Amino acid sequence: MKNGTKFIHAGMEPDPSTGAIMTPIYQTSTFVQEAPGVNKGYEYARSQNPTRTALETAYAVIENGKYGLAFSSGVAATDAVITMLNPGDEVIAASDMYGGTYRLFDKVFKRFGIKFHYVDMQDAENIKPFLNAQTKLIWTETPTNPLLNIVDIAAVAAIAKAHGVLLCVDNTFASPYLQNPLDLGADIVMHSATKYLSGHSDVVQGCLVMNDKNLYDQLYFIQKSCGAVPGPQDCFLILRGIKTLHVRMQRHCENGEKIAHFLRNHPKVDKVYWCGFEDHPGYAVASKQMRGFGGMMSFTLKGDDIEEAKRVLSSTHVFSLAESLGGVESLLSHPATMTHAAIPREERMKNGLKDSLIRLSVGIEDVDDLIEDLNKAIG
Ligand SMILES: *Cc1c(COP(=O)(O)O)cnc(C)c1O
């Protein structure tokens with residue numbers, strides 16, 4: 001089945017009690033049992049809820065996996081993966097990734113005796129020197145946030161398999177419309193469903209998808225034991241969002257391409273980070289593992305002046321200054337003071353994250369209005 005059909009029908013079964021075509025919002029904390037231990041598969045809503053079950057099925061379908069799990073946020077999904085580890089275990093993580101993932105690893109899990117190595121994974125070979133008997137997990141993200149670097153998922157998966165370690169890929173930026181990490185050999189795919197899967201900036205949620213039953217059992221156990229589950233209304237909203245994912249993504253890609261080229265030709269713009277440029281270092285890999293290049297990009301200003309960047313960030317009218325991404329409306333943000341403020345400046349600079357870097361989440365508005373807005377703001 002092709003993506004468009006899959007996204008619309010994923011997880012949808014007519015409601016068994018009424019035939020409702022849309023899965024109802026089962027706003028209930030518990031389920032009445034016929035006799036002690038006799039139930040319809042639902043006991044208590046932290047463990048199972050029918051609206052969540054429909055969404056978890058949908059998550060599995062859209063990522064070509066067998067099992068899906070929904071969490072109360074993207075970072076809660078990440079937290080569940082790391083919670084599988086034990087003190088002394090080591091993780092090899094990408095050096096350029098979502099700031100909140102770095103914060104969770106560095107400020108929370110490091111205290112529990114888990115060791116993290118941050119590696120530039122644009123060349124998968126860089127991972128090898130950090131592998132040892134304690135390595136249990138490789139964590140990567142592609143395209144990366146906010147520099148849009150590309151990691152070769154199949155190459156990293158081959159290294160992970162050869163050493164018997166798990167590979168988890170944060171697929172938030174690409175969405176399942178553009179990329180399916182499980183098909184490329186990853187063990188777990190993670191999403192901040194807050195972003196493209198919701199698509200409407202009205203819910204916070206995360207998910208994990210996998211093929212291995214044993215891995216699913218461990219992660220389901222953590223989901224119900226640690227309890228970071230989403231409510232049924234939030235699950236309903238994501239189910240609704242997924243139905244239009246393909247149509248939205250097509251427009252995100254079209255608008256993204258036009259804006260990336262507009263920025264590249266602007267005299268005040270220094271560099272545009274977008275993986276659809278043929279001279280982008282990851283272009284060949286992106287063309288191989290993605291079905292399009294998406295609407296996420298960043299750019300720097302000539303002179304790398306933070307004050308000038310702040311002026312641009314405060315001057316748009318269609319683009320809103322806000323964290324987050326993947327909604328129908330265009331957003332812009334400033335990683336150095338917003339999403340990536342938790343990373344020390346020295347560390348940021350080392351990774352190439354400059355002071356004037358502005359990140360765009362290009363929405364699905366009319367692209368001429370978006371270009372005019374940026375053109376006026378940059379000046
Ligand atoms: C937003 C985001 C997260 C965190 O997800 P939340 O839903 O905000 O908890 C993780 N990874 C990436 C790439 C993100 O953009």
# chains A, B, ... in the order shown; residues from 1 in each chain; ligands from 1
>>> residues_near_ligand(ligand="ligand 1", cutoff="7 Å", atoms="only C-alpha atoms and all ligand atoms", output="PyMOL selection string")
chain A and resi 73-76+97-98+100-101+141+145+170+172-173+191-195+204-206+324-325
>>> write_last_selection(atoms="N, CA, C and O atoms", output="mmCIF file, in the first residue's frame")
data_model
loop_
_atom_site.group_PDB
_atom_site.id
_atom_site.type_symbol
_atom_site.label_atom_id
_atom_site.label_comp_id
_atom_site.auth_asym_id
_atom_site.auth_seq_id
_atom_site.Cartn_x
_atom_site.Cartn_y
_atom_site.Cartn_z
ATOM 1 N N SER A 73 5.336 12.677 25.559
ATOM 2 C CA SER A 73 6.119 13.667 24.801
ATOM 3 C C SER A 73 7.222 12.921 24.061
ATOM 4 O O SER A 73 7.482 11.742 24.343
ATOM 5 N N GLY A 74 7.886 13.625 23.171
ATOM 6 C CA GLY A 74 9.038 13.023 22.485
ATOM 7 C C GLY A 74 10.134 12.666 23.479
ATOM 8 O O GLY A 74 10.717 11.579 23.409
ATOM 9 N N VAL A 75 10.419 13.575 24.409
ATOM 10 C CA VAL A 75 11.497 13.259 25.351
ATOM 11 C C VAL A 75 11.116 12.103 26.275
ATOM 12 O O VAL A 75 11.996 11.349 26.708
ATOM 13 N N ALA A 76 9.810 11.919 26.546
ATOM 14 C CA ALA A 76 9.395 10.761 27.348
ATOM 15 C C ALA A 76 9.685 9.463 26.582
ATOM 16 O O ALA A 76 10.049 8.439 27.181
ATOM 17 N N MET A 97 22.378 17.235 17.630
ATOM 18 C CA MET A 97 21.023 16.684 17.745
ATOM 19 C C MET A 97 20.160 17.611 18.578
ATOM 20 O O MET A 97 20.636 18.613 19.116
ATOM 21 N N TYR A 98 18.897 17.276 18.684
ATOM 22 C CA TYR A 98 17.937 18.077 19.425
ATOM 23 C C TYR A 98 18.481 18.404 20.820
ATOM 24 O O TYR A 98 18.928 17.501 21.538
ATOM 25 N N GLY A 100 17.142 19.112 23.637
ATOM 26 C CA GLY A 100 16.492 18.437 24.767
ATOM 27 C C GLY A 100 16.972 17.001 24.939
ATOM 28 O O GLY A 100 16.972 16.468 26.060
ATOM 29 N N THR A 101 17.394 16.375 23.840
ATOM 30 C CA THR A 101 17.941 15.014 23.938
ATOM 31 C C THR A 101 19.292 15.071 24.643
ATOM 32 O O THR A 101 19.573 14.287 25.553
ATOM 33 N N GLU A 141 20.159 10.974 14.779
ATOM 34 C CA GLU A 141 19.075 11.825 14.293
ATOM 35 C C GLU A 141 19.494 12.258 12.895
ATOM 36 O O GLU A 141 20.654 12.611 12.685
ATOM 37 N N ASN A 145 19.239 18.443 13.860
ATOM 38 C CA ASN A 145 18.656 19.692 14.314
ATOM 39 C C ASN A 145 19.740 20.499 15.026
ATOM 40 O O ASN A 145 20.262 19.997 16.013
ATOM 41 N N ASP A 170 16.041 9.040 15.739
ATOM 42 C CA ASP A 170 15.019 10.088 15.907
ATOM 43 C C ASP A 170 14.644 10.568 14.503
ATOM 44 O O ASP A 170 15.437 11.217 13.825
ATOM 45 N N THR A 172 12.108 12.551 13.647
ATOM 46 C CA THR A 172 11.172 13.681 13.736
ATOM 47 C C THR A 172 11.255 14.618 12.536
ATOM 48 O O THR A 172 10.231 15.014 11.979
ATOM 49 N N PHE A 173 12.472 14.990 12.121
ATOM 50 C CA PHE A 173 12.625 15.988 11.057
ATOM 51 C C PHE A 173 12.126 15.480 9.701
ATOM 52 O O PHE A 173 11.580 16.238 8.921
ATOM 53 N N HIS A 191 9.871 9.343 17.432
ATOM 54 C CA HIS A 191 9.368 10.616 16.910
ATOM 55 C C HIS A 191 8.932 11.524 18.042
ATOM 56 O O HIS A 191 8.332 11.046 19.019
ATOM 57 N N SER A 192 9.174 12.801 17.874
ATOM 58 C CA SER A 192 8.377 13.783 18.594
ATOM 59 C C SER A 192 7.145 13.964 17.718
ATOM 60 O O SER A 192 7.193 14.649 16.695
ATOM 61 N N ALA A 193 6.034 13.323 18.117
ATOM 62 C CA ALA A 193 4.794 13.400 17.329
ATOM 63 C C ALA A 193 4.180 14.794 17.406
ATOM 64 O O ALA A 193 3.278 15.129 16.632
ATOM 65 N N THR A 194 4.706 15.579 18.347
ATOM 66 C CA THR A 194 4.354 17.010 18.473
ATOM 67 C C THR A 194 4.522 17.743 17.147
ATOM 68 O O THR A 194 3.830 18.727 16.899
ATOM 69 N N LYS A 195 5.429 17.278 16.316
ATOM 70 C CA LYS A 195 5.843 18.020 15.143
ATOM 71 C C LYS A 195 5.017 17.615 13.908
ATOM 72 O O LYS A 195 3.863 17.918 13.850
ATOM 73 N N VAL A 204 1.365 17.791 22.422
ATOM 74 C CA VAL A 204 2.725 17.312 22.695
ATOM 75 C C VAL A 204 2.645 15.802 22.878
ATOM 76 O O VAL A 204 1.833 15.312 23.673
ATOM 77 N N GLN A 205 3.444 15.060 22.097
ATOM 78 C CA GLN A 205 3.409 13.597 22.222
ATOM 79 C C GLN A 205 4.647 12.987 21.552
ATOM 80 O O GLN A 205 5.272 13.614 20.700
ATOM 81 N N GLY A 206 4.988 11.773 21.954
ATOM 82 C CA GLY A 206 6.113 11.083 21.331
ATOM 83 C C GLY A 206 5.757 9.635 21.052
ATOM 84 O O GLY A 206 4.748 9.117 21.539
ATOM 85 N N SER A 324 9.691 24.702 18.356
ATOM 86 C CA SER A 324 8.876 23.662 17.716
ATOM 87 C C SER A 324 8.920 23.796 16.200
ATOM 88 O O SER A 324 9.570 24.703 15.642
ATOM 89 N N LEU A 325 8.258 22.875 15.529
ATOM 90 C CA LEU A 325 8.343 22.758 14.071
ATOM 91 C C LEU A 325 7.275 21.792 13.588
ATOM 92 O O LEU A 325 6.609 21.144 14.395
#
>>> residues_around(residues="Asp202 (chain A)", least_positions_apart="3", cutoff="10 Å", atoms="only C-alpha atoms", output="list in words")
Thr194, Lys195, Ser198, Gly199, Asp234, Leu237, Ile238 and Gly327 of chain A
>>> write_last_selection(atoms="C-alpha atoms", output="tab-separated table (two decimals), in the first residue's frame")
chain	number	residue	atom	x	y	z
A	194	THR	CA	4.35	17.01	18.47
A	195	LYS	CA	5.84	18.02	15.14
A	198	SER	CA	0.36	16.17	14.72
A	199	GLY	CA	1.01	18.87	12.13
A	234	ASP	CA	-4.14	13.87	22.46
A	237	LEU	CA	-5.55	14.59	17.61
A	238	ILE	CA	-2.48	12.74	16.36
A	327	GLY	CA	3.01	22.59	11.95
>>> atom_distance(atom1="CA of Asn180 (chain A)", atom2="CA of Gln289 (chain A)")
8.2 Å
>>> closest_residue(among="A:Lys66, A:Asp152, A:Pro230, A:Pro36", to="Gln48 (chain A)", atoms="only C-alpha atoms")
A:Pro230
>>> atom_distance(atom1="CA of Asn211 (chain A)", atom2="CA of Gly292 (chain A)")
24.8 Å
>>> atom_distance(atom1="CA of Gly241 (chain A)", atom2="CA of Ile8 (chain A)")
9.5 Å
>>> decode(residues="region 6-20 of chain A", atoms="all heavy atoms", output="CSV table (one decimal), in the first residue's frame")
chain,number,residue,atom,x,y,z
A,6,LYS,N,-2.0,4.6,3.2
A,6,LYS,CA,-1.6,4.0,4.5
A,6,LYS,C,-1.8,5.0,5.6
A,6,LYS,O,-2.4,4.7,6.6
A,6,LYS,CB,-0.1,3.7,4.4
A,6,LYS,CG,0.4,2.6,5.2
A,6,LYS,CD,1.7,2.1,4.7
A,6,LYS,CE,2.8,3.0,5.0
A,6,LYS,NZ,4.2,2.5,4.6
A,7,PHE,N,-1.5,6.3,5.3
A,7,PHE,CA,-1.6,7.3,6.4
A,7,PHE,C,-3.1,7.6,6.7
A,7,PHE,O,-3.4,7.8,7.9
A,7,PHE,CB,-0.9,8.6,5.9
A,7,PHE,CG,0.6,8.6,5.8
A,7,PHE,CD1,1.3,9.5,5.1
A,7,PHE,CD2,1.3,7.6,6.5
A,7,PHE,CE1,2.7,9.4,5.0
A,7,PHE,CE2,2.7,7.5,6.3
A,7,PHE,CZ,3.4,8.4,5.6
A,8,ILE,N,-3.9,7.4,5.7
A,8,ILE,CA,-5.4,7.7,6.0
A,8,ILE,C,-6.0,6.5,6.7
A,8,ILE,O,-6.8,6.7,7.6
A,8,ILE,CB,-6.1,8.0,4.7
A,8,ILE,CG1,-5.7,9.4,4.2
A,8,ILE,CG2,-7.6,8.0,4.9
A,8,ILE,CD1,-6.2,9.8,2.9
A,9,HIS,N,-5.6,5.3,6.4
A,9,HIS,CA,-6.3,4.2,7.0
A,9,HIS,C,-5.5,3.5,8.2
A,9,HIS,O,-6.1,2.6,8.8
A,9,HIS,CB,-6.5,3.1,5.9
A,9,HIS,CG,-7.5,3.6,4.9
A,9,HIS,ND1,-8.9,3.6,5.1
A,9,HIS,CD2,-7.3,4.2,3.7
A,9,HIS,CE1,-9.5,4.1,4.1
A,9,HIS,NE2,-8.5,4.5,3.2
A,10,ALA,N,-4.3,4.0,8.5
A,10,ALA,CA,-3.5,3.3,9.6
A,10,ALA,C,-4.2,3.3,10.9
A,10,ALA,O,-4.7,4.4,11.4
A,10,ALA,CB,-2.2,4.1,9.7
A,11,GLY,N,-4.4,2.1,11.4
A,11,GLY,CA,-5.0,2.0,12.8
A,11,GLY,C,-6.5,2.1,12.9
A,11,GLY,O,-7.1,2.0,13.9
A,12,MET,N,-7.1,2.4,11.7
A,12,MET,CA,-8.5,2.7,11.8
A,12,MET,C,-9.4,1.5,11.6
A,12,MET,O,-9.3,0.8,10.6
A,12,MET,CB,-8.9,3.7,10.7
A,12,MET,CG,-8.2,5.0,10.8
A,12,MET,SD,-8.3,5.9,12.4
A,12,MET,CE,-10.0,6.3,12.4
A,13,GLU,N,-10.2,1.2,12.6
A,13,GLU,CA,-11.2,0.1,12.5
A,13,GLU,C,-12.5,0.8,13.0
A,13,GLU,O,-12.5,1.5,14.0
A,13,GLU,CB,-10.9,-1.1,13.5
A,13,GLU,CG,-9.6,-1.8,13.2
A,13,GLU,CD,-9.7,-2.7,12.0
A,13,GLU,OE1,-10.9,-3.0,11.6
A,13,GLU,OE2,-8.7,-3.1,11.5
A,14,PRO,N,-13.6,0.5,12.4
A,14,PRO,CA,-14.9,1.0,12.9
A,14,PRO,C,-15.0,0.7,14.4
A,14,PRO,O,-14.7,-0.5,14.8
A,14,PRO,CB,-16.0,0.4,12.0
A,14,PRO,CG,-15.3,-0.1,10.8
A,14,PRO,CD,-13.9,-0.4,11.2
A,15,ASP,N,-15.5,1.6,15.2
A,15,ASP,CA,-15.7,1.3,16.6
A,15,ASP,C,-16.6,0.2,16.8
A,15,ASP,O,-17.7,0.2,16.3
A,15,ASP,CB,-16.2,2.6,17.3
A,15,ASP,CG,-16.3,2.4,18.8
A,15,ASP,OD1,-15.2,2.0,19.4
A,15,ASP,OD2,-17.4,2.5,19.4
A,16,PRO,N,-16.2,-0.9,17.6
A,16,PRO,CA,-17.0,-2.1,17.7
A,16,PRO,C,-18.4,-1.8,18.3
A,16,PRO,O,-19.3,-2.6,18.0
A,16,PRO,CB,-16.1,-3.0,18.6
A,16,PRO,CG,-15.0,-2.1,19.1
A,16,PRO,CD,-14.9,-1.0,18.2
A,17,SER,N,-18.5,-0.8,19.2
A,17,SER,CA,-19.8,-0.7,19.8
A,17,SER,C,-20.8,0.1,19.0
A,17,SER,O,-22.0,-0.1,19.1
A,17,SER,CB,-19.7,0.0,21.2
A,17,SER,OG,-19.0,1.2,21.1
A,18,THR,N,-20.4,1.0,18.1
A,18,THR,CA,-21.3,1.8,17.3
A,18,THR,C,-21.1,1.8,15.8
A,18,THR,O,-21.9,2.3,15.0
A,18,THR,CB,-21.2,3.3,17.8
A,18,THR,OG1,-19.9,3.8,17.5
A,18,THR,CG2,-21.5,3.4,19.3
A,19,GLY,N,-19.9,1.4,15.4
A,19,GLY,CA,-19.5,1.6,14.0
A,19,GLY,C,-18.9,2.9,13.6
A,19,GLY,O,-18.6,3.2,12.5
A,20,ALA,N,-18.8,3.8,14.6
A,20,ALA,CA,-18.2,5.1,14.3
A,20,ALA,C,-16.9,5.0,13.5
A,20,ALA,O,-16.0,4.2,13.9
A,20,ALA,CB,-17.9,5.8,15.7
